[in-house]
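Here's upload.cif, which has mmCIF, C-alpha atoms and all ligand atoms:
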data_protein
loop_
_atom_site.label_atom_id
_atom_site.label_comp_id
_atom_site.auth_asym_id
_atom_site.auth_seq_id
_atom_site.Cartn_x
_atom_site.Cartn_y
_atom_site.Cartn_z
CA MET A 1 -30.83 -35.30 15.88
CA ASN A 2 -32.82 -34.79 19.07
CA SER A 3 -30.94 -31.65 20.01
CA ALA A 4 -31.78 -30.24 16.57
CA VAL A 5 -35.46 -31.18 16.95
CA ARG A 6 -35.47 -29.59 20.39
CA ALA A 7 -33.87 -26.38 19.12
CA VAL A 8 -36.34 -26.08 16.22
CA VAL A 9 -39.31 -26.48 18.56
CA ARG A 10 -38.01 -24.11 21.20
CA MET A 11 -36.80 -21.43 18.83
CA GLY A 12 -40.11 -21.64 16.99
CA VAL A 13 -42.15 -21.35 20.18
CA TYR A 14 -39.89 -18.54 21.42
CA LEU A 15 -40.58 -16.58 18.22
CA GLY A 16 -44.32 -17.12 18.58
CA CYS A 17 -44.78 -19.79 15.93
CA LYS A 18 -47.04 -22.80 16.07
CA VAL A 19 -44.75 -25.82 15.76
CA HIS A 20 -45.61 -29.37 14.73
CA PHE A 21 -43.67 -32.62 14.81
CA VAL A 22 -43.81 -34.71 11.67
CA LYS A 23 -43.31 -38.25 12.97
CA GLU A 24 -41.81 -41.11 10.93
CA GLY A 25 -40.23 -38.87 8.28
CA TYR A 26 -41.85 -38.37 4.89
CA GLN A 27 -44.05 -41.41 5.51
CA GLY A 28 -45.63 -39.54 8.42
CA LEU A 29 -46.12 -36.51 6.20
CA ILE A 30 -48.00 -38.69 3.71
CA ASP A 31 -50.01 -40.65 6.28
CA GLY A 32 -50.92 -37.53 8.27
CA GLY A 33 -53.27 -38.04 11.25
CA ASP A 34 -51.43 -38.36 14.55
CA ASN A 35 -48.13 -38.28 12.68
CA ILE A 36 -48.42 -34.51 12.44
CA ALA A 37 -48.79 -33.38 16.02
CA GLU A 38 -48.47 -30.00 17.65
CA ALA A 39 -45.34 -29.63 19.74
CA ASN A 40 -44.72 -27.35 22.68
CA TRP A 41 -41.84 -26.26 24.90
CA ALA A 42 -42.29 -29.25 27.24
CA SER A 43 -42.60 -31.88 24.53
CA VAL A 44 -38.87 -31.64 23.81
CA SER A 45 -37.71 -31.75 27.44
CA GLY A 46 -35.30 -34.51 28.36
CA ILE A 47 -34.38 -35.61 24.84
CA ILE A 48 -31.07 -33.86 24.22
CA HIS A 49 -29.03 -36.77 25.63
CA LYS A 50 -30.85 -39.44 23.64
CA GLY A 51 -29.52 -41.02 20.45
CA GLY A 52 -31.54 -41.42 17.25
CA THR A 53 -34.61 -39.25 16.92
CA VAL A 54 -37.69 -39.29 19.16
CA ILE A 55 -39.93 -38.31 16.24
CA GLY A 56 -38.90 -41.35 14.21
CA SER A 57 -37.48 -41.63 10.74
CA ALA A 58 -38.23 -43.77 7.68
CA ARG A 59 -37.05 -44.40 4.17
CA CYS A 60 -40.02 -43.51 1.97
CA MET A 61 -40.33 -44.38 -1.71
CA GLU A 62 -43.87 -43.01 -1.98
CA PHE A 63 -42.64 -39.46 -1.42
CA LYS A 64 -40.76 -39.69 -4.73
CA GLU A 65 -44.09 -40.05 -6.54
CA GLN A 66 -46.46 -37.17 -7.26
CA SER A 67 -49.31 -39.10 -5.59
CA GLY A 68 -47.32 -39.27 -2.33
CA GLN A 69 -46.40 -35.61 -2.53
CA MET A 70 -50.06 -34.68 -3.10
CA LYS A 71 -51.06 -36.43 0.13
CA ALA A 72 -48.21 -34.75 2.00
CA ALA A 73 -49.11 -31.31 0.62
CA LYS A 74 -52.77 -31.74 1.54
CA ASN A 75 -51.86 -32.77 5.11
CA LEU A 76 -49.63 -29.72 5.52
CA ILE A 77 -52.27 -27.36 4.17
CA LYS A 78 -55.02 -28.79 6.36
CA LYS A 79 -52.81 -28.23 9.41
CA GLY A 80 -51.98 -24.69 8.30
CA ILE A 81 -48.27 -25.46 7.91
CA SER A 82 -46.23 -23.38 5.46
CA ASN A 83 -42.67 -23.86 6.74
CA LEU A 84 -40.79 -27.12 6.87
CA VAL A 85 -37.48 -28.08 8.48
CA VAL A 86 -36.02 -31.29 7.11
CA ILE A 87 -33.19 -33.18 8.81
CA GLY A 88 -31.50 -35.90 6.81
CA GLY A 89 -28.86 -36.87 4.30
CA ASP A 90 -28.68 -35.85 0.64
CA GLY A 91 -31.59 -38.16 -0.27
CA SER A 92 -34.00 -36.53 2.20
CA LEU A 93 -32.80 -33.06 1.26
CA THR A 94 -33.17 -33.70 -2.46
CA GLY A 95 -36.70 -34.92 -1.75
CA ALA A 96 -37.42 -31.73 0.18
CA ASN A 97 -36.25 -29.56 -2.67
CA ARG A 98 -38.30 -31.49 -5.23
CA PHE A 99 -41.36 -31.14 -3.01
CA ARG A 100 -40.84 -27.41 -2.81
CA GLU A 101 -40.34 -27.11 -6.58
CA SER A 102 -43.52 -29.11 -7.25
CA TRP A 103 -45.55 -27.10 -4.74
CA PRO A 104 -47.37 -24.88 -7.32
CA THR A 105 -48.34 -27.97 -9.37
CA LEU A 106 -49.46 -29.83 -6.27
CA LEU A 107 -51.60 -26.87 -5.18
CA LYS A 108 -53.22 -26.67 -8.60
CA GLU A 109 -53.97 -30.41 -8.67
CA LEU A 110 -55.40 -30.39 -5.15
CA LEU A 111 -57.57 -27.39 -5.94
CA GLY A 112 -58.73 -28.93 -9.21
CA LYS A 113 -59.75 -32.11 -7.40
CA GLY A 114 -61.59 -30.12 -4.74
CA GLU A 115 -59.27 -31.47 -2.02
CA ILE A 116 -58.49 -27.96 -0.79
CA THR A 117 -60.45 -24.72 -0.92
CA GLN A 118 -59.56 -21.60 -2.92
CA GLU A 119 -58.84 -19.83 0.37
CA GLU A 120 -56.47 -22.60 1.50
CA ALA A 121 -54.67 -22.45 -1.84
CA GLU A 122 -54.25 -18.69 -1.51
CA THR A 123 -52.88 -18.81 2.04
CA HIS A 124 -50.44 -21.60 1.14
CA GLN A 125 -49.04 -20.27 -2.09
CA HIS A 126 -45.49 -20.77 -0.83
CA LEU A 127 -43.81 -23.59 1.01
CA HIS A 128 -40.54 -22.61 2.63
CA ILE A 129 -38.04 -25.35 3.32
CA VAL A 130 -34.80 -25.34 5.27
CA GLY A 131 -32.59 -28.41 5.53
CA MET A 132 -30.18 -29.59 8.20
CA VAL A 133 -27.73 -32.38 7.55
CA GLY A 134 -28.12 -35.39 9.83
CA SER A 135 -25.72 -38.14 8.86
CA ILE A 136 -22.95 -39.95 10.70
CA ASP A 137 -21.02 -40.22 7.42
CA ASN A 138 -19.98 -36.55 7.14
CA ASP A 139 -20.51 -36.91 3.43
CA PHE A 140 -22.35 -33.68 2.63
CA CYS A 141 -20.52 -31.00 0.64
CA GLY A 142 -20.76 -27.61 2.31
CA ALA A 143 -20.78 -28.96 5.86
CA ASP A 144 -17.59 -29.25 7.88
CA MET A 145 -19.39 -31.59 10.27
CA THR A 146 -22.82 -33.17 9.93
CA ILE A 147 -25.04 -33.90 12.92
CA GLY A 148 -24.17 -37.34 14.33
CA THR A 149 -20.66 -37.72 12.93
CA ASP A 150 -18.86 -36.77 16.13
CA SER A 151 -20.95 -39.18 18.22
CA ALA A 152 -20.23 -42.03 15.80
CA PHE A 153 -16.56 -41.13 15.89
CA HIS A 154 -16.59 -41.37 19.71
CA ARG A 155 -18.29 -44.76 19.53
CA ILE A 156 -15.63 -46.04 17.13
CA ILE A 157 -12.76 -44.81 19.28
CA GLU A 158 -14.25 -46.37 22.42
CA ALA A 159 -14.55 -49.67 20.56
CA ILE A 160 -10.98 -49.56 19.24
CA ASP A 161 -9.64 -48.68 22.71
CA ALA A 162 -11.48 -51.72 24.07
CA ILE A 163 -10.21 -54.00 21.30
CA VAL A 164 -6.63 -52.90 21.90
CA SER A 165 -6.62 -54.67 25.30
CA THR A 166 -7.04 -58.09 23.70
CA ALA A 167 -4.88 -57.19 20.73
CA TYR A 168 -2.00 -56.19 23.02
CA SER A 169 -2.27 -59.17 25.37
CA HIS A 170 -2.53 -61.75 22.60
CA LYS A 171 -0.33 -60.00 20.04
CA ARG A 172 -3.21 -59.99 17.59
CA THR A 173 -4.18 -57.95 14.58
CA PHE A 174 -7.66 -56.47 14.50
CA ILE A 175 -9.48 -55.27 11.42
CA MET A 176 -12.24 -52.84 12.31
CA GLU A 177 -14.94 -52.20 9.73
CA VAL A 178 -16.53 -48.79 10.14
CA MET A 179 -19.53 -47.16 8.48
CA GLY A 180 -19.53 -44.29 6.04
CA ARG A 181 -21.28 -45.70 2.99
CA HIS A 182 -19.22 -44.01 0.21
CA CYS A 183 -17.37 -41.61 2.49
CA GLY A 184 -14.12 -42.38 4.28
CA TYR A 185 -14.24 -39.59 6.85
CA LEU A 186 -14.98 -41.83 9.84
CA ALA A 187 -12.35 -44.35 8.76
CA ILE A 188 -9.66 -41.71 8.39
CA VAL A 189 -10.26 -39.86 11.65
CA ALA A 190 -10.64 -43.16 13.50
CA ALA A 191 -7.34 -44.38 12.05
CA LEU A 192 -5.50 -41.18 12.97
CA SER A 193 -6.76 -41.04 16.52
CA SER A 194 -6.29 -44.70 17.33
CA GLU A 195 -2.75 -45.02 15.95
CA ALA A 196 -4.02 -47.55 13.43
CA ASP A 197 -1.42 -49.02 11.09
CA PHE A 198 -3.41 -48.95 7.88
CA VAL A 199 -6.66 -47.51 6.58
CA PHE A 200 -8.77 -48.42 3.56
CA CYS A 201 -11.25 -45.80 2.41
CA PRO A 202 -13.23 -45.01 -0.75
CA GLU A 203 -11.68 -41.70 -1.76
CA MET A 204 -8.06 -42.86 -1.57
CA PRO A 205 -7.77 -46.41 -2.88
CA PRO A 206 -4.44 -48.06 -2.02
CA PRO A 207 -1.81 -48.92 -4.66
CA GLU A 208 -2.47 -52.01 -6.81
CA ASP A 209 0.03 -54.06 -4.80
CA TRP A 210 -1.61 -53.16 -1.47
CA PRO A 211 -1.26 -56.68 -0.03
CA LYS A 212 2.53 -56.39 -0.36
CA VAL A 213 2.63 -52.82 1.00
CA LEU A 214 0.39 -53.77 3.92
CA CYS A 215 2.40 -56.87 4.85
CA LYS A 216 5.70 -54.97 4.67
CA LYS A 217 4.41 -52.22 6.95
CA LEU A 218 2.95 -54.61 9.51
CA SER A 219 6.08 -56.81 9.55
CA GLN A 220 8.32 -53.79 10.08
CA GLU A 221 6.21 -52.70 13.02
CA ARG A 222 6.29 -56.13 14.60
CA GLU A 223 10.07 -56.25 14.10
CA MET A 224 10.32 -52.95 15.97
CA GLY A 225 8.56 -54.53 18.92
CA GLN A 226 4.93 -53.58 18.32
CA ARG A 227 2.65 -56.22 19.87
CA LEU A 228 -0.49 -55.49 17.89
CA ASN A 229 -1.82 -54.05 14.67
CA ILE A 230 -5.04 -52.18 14.01
CA ILE A 231 -6.41 -51.80 10.50
CA ILE A 232 -9.46 -49.70 9.69
CA VAL A 233 -11.59 -50.67 6.71
CA SER A 234 -14.36 -48.34 5.64
CA GLU A 235 -17.48 -50.22 4.54
CA GLY A 236 -17.15 -48.46 1.17
CA ALA A 237 -13.44 -49.16 0.66
CA ILE A 238 -12.46 -49.88 -2.93
CA ASP A 239 -9.36 -50.67 -4.96
CA ARG A 240 -8.12 -48.66 -7.94
CA SER A 241 -10.41 -50.57 -10.29
CA GLY A 242 -13.40 -49.65 -8.16
CA ASN A 243 -13.87 -53.16 -6.70
CA PRO A 244 -14.68 -53.45 -3.00
CA ILE A 245 -11.90 -54.19 -0.51
CA THR A 246 -13.47 -56.10 2.35
CA ALA A 247 -12.29 -56.84 5.87
CA GLU A 248 -12.32 -60.55 4.97
CA GLN A 249 -9.98 -59.98 2.02
CA VAL A 250 -7.56 -58.06 4.25
CA ARG A 251 -7.69 -60.79 6.91
CA ASP A 252 -7.01 -63.52 4.34
CA VAL A 253 -3.90 -61.67 3.12
CA LEU A 254 -2.53 -61.31 6.65
CA VAL A 255 -3.25 -64.88 7.68
CA LYS A 256 -1.73 -66.30 4.50
CA GLU A 257 1.32 -64.05 4.21
CA LEU A 258 2.17 -63.21 7.82
CA LYS A 259 0.45 -66.02 9.74
CA GLN A 260 -0.90 -63.36 12.07
CA ASP A 261 -3.70 -64.12 14.50
CA THR A 262 -6.17 -61.76 12.84
CA ARG A 263 -9.75 -60.97 13.85
CA ILE A 264 -12.47 -58.83 12.31
CA THR A 265 -14.85 -56.58 14.23
CA VAL A 266 -17.71 -55.02 12.31
CA LEU A 267 -19.00 -52.11 14.36
CA GLY A 268 -22.23 -51.72 12.38
CA HIS A 269 -25.14 -49.84 13.88
CA VAL A 270 -23.42 -49.52 17.26
CA GLN A 271 -21.88 -46.46 15.62
CA ARG A 272 -25.27 -44.91 15.04
CA GLY A 273 -26.56 -45.18 18.58
CA GLY A 274 -25.96 -44.27 22.20
CA CYS A 275 -25.70 -40.87 23.83
CA PRO A 276 -24.77 -38.07 21.46
CA SER A 277 -21.45 -36.37 22.13
CA ALA A 278 -21.31 -32.91 23.70
CA PHE A 279 -20.19 -31.51 20.34
CA ASP A 280 -23.18 -33.02 18.53
CA ARG A 281 -25.60 -31.66 21.12
CA ILE A 282 -24.30 -28.14 20.59
CA LEU A 283 -24.18 -28.62 16.82
CA GLY A 284 -27.84 -29.70 16.80
CA CYS A 285 -28.79 -26.68 18.95
CA ARG A 286 -27.00 -24.27 16.66
CA MET A 287 -28.32 -25.78 13.44
CA GLY A 288 -31.90 -26.01 14.72
CA ALA A 289 -32.01 -22.42 15.91
CA GLU A 290 -30.48 -21.15 12.67
CA ALA A 291 -32.94 -23.20 10.59
CA VAL A 292 -35.90 -21.49 12.25
CA LEU A 293 -34.34 -18.05 11.78
CA ALA A 294 -33.78 -18.85 8.10
CA LEU A 295 -37.42 -19.85 7.70
CA MET A 296 -38.62 -16.69 9.40
CA GLU A 297 -36.57 -14.59 7.00
CA ALA A 298 -37.60 -16.53 3.87
CA GLN A 299 -39.46 -14.53 1.24
CA PRO A 300 -41.68 -15.83 -1.56
CA GLY A 301 -39.32 -17.21 -4.16
CA THR A 302 -36.39 -17.62 -1.77
CA GLU A 303 -34.30 -20.63 -2.75
CA ALA A 304 -34.37 -23.58 -0.34
CA CYS A 305 -31.29 -23.47 1.86
CA VAL A 306 -29.41 -25.87 4.04
CA VAL A 307 -28.00 -24.81 7.37
CA THR A 308 -24.51 -26.17 7.99
CA LEU A 309 -21.38 -25.62 10.03
CA GLU A 310 -18.61 -23.96 8.06
CA GLY A 311 -15.48 -22.72 9.79
CA ASN A 312 -17.33 -22.98 13.13
CA GLN A 313 -20.05 -20.66 11.87
CA ALA A 314 -23.67 -21.59 11.27
CA VAL A 315 -24.19 -20.72 7.61
CA ARG A 316 -27.03 -20.94 5.10
CA LEU A 317 -26.12 -22.41 1.73
CA PRO A 318 -28.20 -23.08 -1.39
CA LEU A 319 -29.55 -26.57 -0.79
CA MET A 320 -29.42 -27.85 -4.34
CA GLU A 321 -25.91 -26.56 -4.95
CA CYS A 322 -24.67 -28.64 -2.01
CA VAL A 323 -26.67 -31.69 -3.10
CA GLU A 324 -25.26 -31.38 -6.64
CA LYS A 325 -21.73 -31.07 -5.31
CA THR A 326 -22.27 -34.13 -3.12
CA LYS A 327 -23.42 -36.03 -6.19
CA ALA A 328 -20.37 -34.80 -8.09
CA VAL A 329 -18.16 -36.51 -5.50
CA ALA A 330 -19.87 -39.81 -6.20
CA LYS A 331 -19.40 -39.25 -9.92
CA ALA A 332 -15.71 -38.39 -9.47
CA MET A 333 -15.19 -41.63 -7.57
CA GLU A 334 -17.06 -43.58 -10.22
CA ASP A 335 -14.75 -42.02 -12.82
CA LYS A 336 -11.75 -42.90 -10.61
CA LYS A 337 -10.83 -39.23 -10.19
CA TRP A 338 -9.75 -39.62 -6.57
CA GLU A 339 -8.05 -36.24 -6.15
CA LEU A 340 -11.11 -34.45 -7.46
CA ALA A 341 -13.31 -36.43 -5.07
CA VAL A 342 -11.21 -35.38 -2.08
CA GLN A 343 -11.14 -31.78 -3.27
CA LEU A 344 -14.91 -31.70 -3.71
CA ARG A 345 -15.55 -33.28 -0.31
CA GLY A 346 -14.48 -30.00 1.26
CA LYS A 347 -12.47 -28.71 4.16
CA SER A 348 -12.99 -31.52 6.65
CA PHE A 349 -11.21 -33.81 4.20
CA GLN A 350 -8.24 -31.61 3.48
CA ARG A 351 -5.22 -30.23 5.23
O1 LIG B 401 -26.08 -43.04 5.99
C1 LIG B 401 -25.63 -43.45 7.23
C2 LIG B 401 -25.35 -44.89 7.29
O2 LIG B 401 -25.13 -45.10 8.62
C3 LIG B 401 -24.18 -45.44 6.47
O3 LIG B 401 -22.95 -45.20 7.06
C4 LIG B 401 -24.54 -46.90 6.37
O4 LIG B 401 -24.00 -47.44 5.22
C5 LIG B 401 -26.03 -46.85 6.26
O5 LIG B 401 -26.44 -45.66 6.88
C6 LIG B 401 -26.76 -48.00 6.89
O6 LIG B 401 -28.10 -47.85 6.60
P1 LIG B 401 -29.23 -48.85 7.10
O7 LIG B 401 -29.37 -48.61 8.58
O8 LIG B 401 -30.45 -48.46 6.37
O9 LIG B 401 -28.73 -50.21 6.83
#

Please express what this file holds, its structure, as structure tokens.
Amino acid sequence: MNSAVRAVVRMGVYLGCKVHFVKEGYQGLIDGGDNIAEANWASVSGIIHKGGTVIGSARCMEFKEQSGQMKAAKNLIKKGISNLVVIGGDGSLTGANRFRESWPTLLKELLGKGEITQEEAETHQHLHIVGMVGSIDNDFCGADMTIGTDSAFHRIIEAIDAIVSTAYSHKRTFIMEVMGRHCGYLAIVAALSSEADFVFCPEMPPPEDWPKVLCKKLSQEREMGQRLNIIIVSEGAIDRSGNPITAEQVRDVLVKELKQDTRITVLGHVQRGGCPSAFDRILGCRMGAEAVLALMEAQPGTEACVVTLEGNQAVRLPLMECVEKTKAVAKAMEDKKWELAVQLRGKSFQR
């Protein structure tokens, strides 16, 4: 995310805008004070190679309430801010859109309570918002790749390559649990690029008799001389009834049926840290620059957009349409309509 933050600041400064950091996510927007600090060209030097985000991030329930939004709106107005770039997943982006939709009501309330002046209300009639998708899960419809996914993918592959040494020497089977919440993208690409033998992911639950299918496949491979097996389990993996398939369940099947020396490695938050990949750095630069351009071109009444990568192009898409589509994937999975879920996920999931 740092490359995106850097690009927003520098593109903004380059175009003659006054740019502010909002630290600690929506919580910082609500708390105001030092959390909303002016940024300059130098304040984003030396951050492009750092993981996470230097401006901090937080899950914030208060921003869902009108009282929280009122505080946030007042802080923005007092600082003279009328354009907002939001980086986050569908939750943060939905919040951004709601904030923008409530803006006229918030203004009216603040004015009525004497919290802002008539002049401030008039100069801040519109709040323009542009979103960028920051999520390692690659779960946002409309984006071929979200910021952070490629770095997480690299982390996973490095870990599997390291695990393979022990697996090979000791003829073991390793089950690697990877992140992705309800999205199997990381699991699938990790499986393909590590020559894994089996993958469990949310959008494509295995057949009912998966223990049998799995054991048959692994036995055949061992019979052909393979010394190890790698199985990738997405943290959101489910069976055809929608029940979770866990790494422990898979291990128990292999130990019981094949008597294999089987170990589990849960990669966890290792996937979300470390130096961002070269691809992610460029992606952040491109998205950040495009987000500022989109804000500069926004007119009163322009719909909130999200800047994404589509077919290697930076594009602007209607924010809520993408959020709705992303929610439709979750619904399709809930309804056990797996093909529809994959179709809705978009190009990065298909042939
Ligand atoms: O949304 C990204 C993600 O990394 C998921 O893959 C994972 O399930 C979740 O966040 C973990 O969130 P937290 O750090 O809040 O436990």

* Considering all atoms listed in the file, return as a list in words whatever protein or nucleic-acid residues lie within 10 Å of Cys60 in chain A, sequence-local ones (same chain, fewer than 4 positions apart) excluded. =>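 So, after excluding close chain neighbours, the residues are Glu24, Gly25, Tyr26, Gln27, Gly28, Ile30, Lys64, Gly68, Ser92 and Gly95 of chain A.
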
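Nearest residue to Lys212 in chain A, choosing from A:Ile163, A:Leu254, A:Met132, A:Ile47 and counting only C-alpha atoms: A:Leu254.
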
Select the residues contacting ligand LIG 401 (chain B) at a distance of at most 10 Å, based on only C-alpha atoms and all ligand atoms, then format the selection as a compact mmCIF listing (two decimals) with C-alpha atoms, in the frame of the given file.
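So out_1.txt came out as:
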# COMPACT_ATOMS: atom_id res chain seq x y z
CA ALA A 58 -38.23 -43.77 7.68
CA ARG A 59 -37.05 -44.40 4.17
CA GLY A 88 -31.50 -35.90 6.81
CA GLY A 89 -28.86 -36.87 4.30
CA ASP A 90 -28.68 -35.85 0.64
CA GLY A 91 -31.59 -38.16 -0.27
CA GLY A 134 -28.12 -35.39 9.83
CA SER A 135 -25.72 -38.14 8.86
CA ILE A 136 -22.95 -39.95 10.70
CA ASP A 137 -21.02 -40.22 7.42
CA ASN A 138 -19.98 -36.55 7.14
CA ASP A 139 -20.51 -36.91 3.43
CA GLY A 148 -24.17 -37.34 14.33
CA THR A 149 -20.66 -37.72 12.93
CA ALA A 152 -20.23 -42.03 15.80
CA VAL A 178 -16.53 -48.79 10.14
CA MET A 179 -19.53 -47.16 8.48
CA GLY A 180 -19.53 -44.29 6.04
CA ARG A 181 -21.28 -45.70 2.99
CA HIS A 182 -19.22 -44.01 0.21
CA CYS A 183 -17.37 -41.61 2.49
CA GLY A 184 -14.12 -42.38 4.28
CA LEU A 186 -14.98 -41.83 9.84
CA SER A 234 -14.36 -48.34 5.64
CA GLU A 235 -17.48 -50.22 4.54
CA GLY A 236 -17.15 -48.46 1.17
CA GLY A 268 -22.23 -51.72 12.38
CA HIS A 269 -25.14 -49.84 13.88
CA VAL A 270 -23.42 -49.52 17.26
CA GLN A 271 -21.88 -46.46 15.62
CA ARG A 272 -25.27 -44.91 15.04

* Restricting the calculation to only C-alpha atoms, which member of A:Ala7, A:Val44, A:Ile55, A:Ile87 is positioned closest to Lys23 in chain A? ->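 Smallest separation from Lys23 in chain A among the options: A:Ile55.
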
* Asked: Which residues come within 8 Å of Asn40 in chain A, counting only C-alpha atoms, excluding same-chain residues fewer than 6 positions away, as a PyMOL selection string?
  -> chain A and resi 9-10+13+19

Dump C-alpha atoms for the selected residues as an mmCIF file, in the frame of the given file?
data_model
loop_
_atom_site.group_PDB
_atom_site.id
_atom_site.type_symbol
_atom_site.label_atom_id
_atom_site.label_comp_id
_atom_site.auth_asym_id
_atom_site.auth_seq_id
_atom_site.Cartn_x
_atom_site.Cartn_y
_atom_site.Cartn_z
ATOM 1 C CA VAL A 9 -39.310 -26.480 18.560
ATOM 2 C CA ARG A 10 -38.010 -24.110 21.200
ATOM 3 C CA VAL A 13 -42.150 -21.350 20.180
ATOM 4 C CA VAL A 19 -44.750 -25.820 15.760
#

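Distances from A:Leu84, A:Ile36, A:Ile157, A:Val5 to Leu295 in chain A were compared using only C-alpha atoms, and the smallest one belongs to A:Leu84.
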
* State, in Å with one decimal place, the distance from CA of Val164 in chain A to CA of Thr146 in chain A. => 28.2 Å

Residues of range 117-169 of chain A that have any atom at most 9 Å from an atom of range 103-108 of chain A: could you tabulate them with the shortest-distance atom pair and the distance in Å to one decimal, using all atoms listed in the file, ordered by chain and increasing number, as a Markdown table?
| residue | atom | partner | partner_atom | distance |
| --- | --- | --- | --- | --- |
| A:Ala121 | CA | A:Leu107 | CA | 6.3 |
| A:His124 | CA | A:Leu107 | CA | 8.3 |
| A:Gln125 | CA | A:Pro104 | CA | 7.2 |
| A:His126 | CA | A:Trp103 | CA | 7.4 |
| A:Leu127 | CA | A:Trp103 | CA | 7.0 |

* For Phe349 in chain A, which of A:Ile264, A:Ala162, A:Ile245, A:Cys141 is the closest residue, counting all atoms listed in the file? ->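 Ranked by minimum distance to Phe349 in chain A, first place goes to A:Cys141.
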
* Smallest atom-to-atom distance to Ala72 in chain A: which of A:Leu110, A:Val85, A:Val306, A:Leu29, using only C-alpha atoms? -> A:Leu29

* Distance criterion (all atoms listed in the file): nearest to Met204 in chain A out of A:Phe174, A:Phe63, A:Phe21, A:Trp338 ->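 The answer is A:Trp338, which sits nearest to Met204 in chain A.
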
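All polymer residues at most 8 Å from (0.2, -49.6, 11.0), using all atoms listed in the file, appear as A:Glu195, A:Ala196, A:Asp197, A:Phe198, A:Lys217, A:Leu218, A:Glu221, A:Asn229, A:Ile230, A:Ile231.
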
* Atom pair CA of Leu267 in chain A / CA of Glu177 in chain A: separation (Å) ->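 Answer for the CA of Leu267 in chain A to CA of Glu177 in chain A separation: 6.2 Å.
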
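Excluding Thr123 in chain A itself and same-chain residues fewer than 3 positions from it, the residues having an atom within 12 Å of it are Leu76, Ile77, Lys78, Lys79, Gly80, Ile81, Ser82, Leu107, Ile116, Thr117, Gln118, Glu119, Glu120, His126 and Leu127 of chain A, counting all atoms listed in the file.
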
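The space separating CA of Asp261 in chain A from CA of Lys171 in chain A comes to 7.7 Å.
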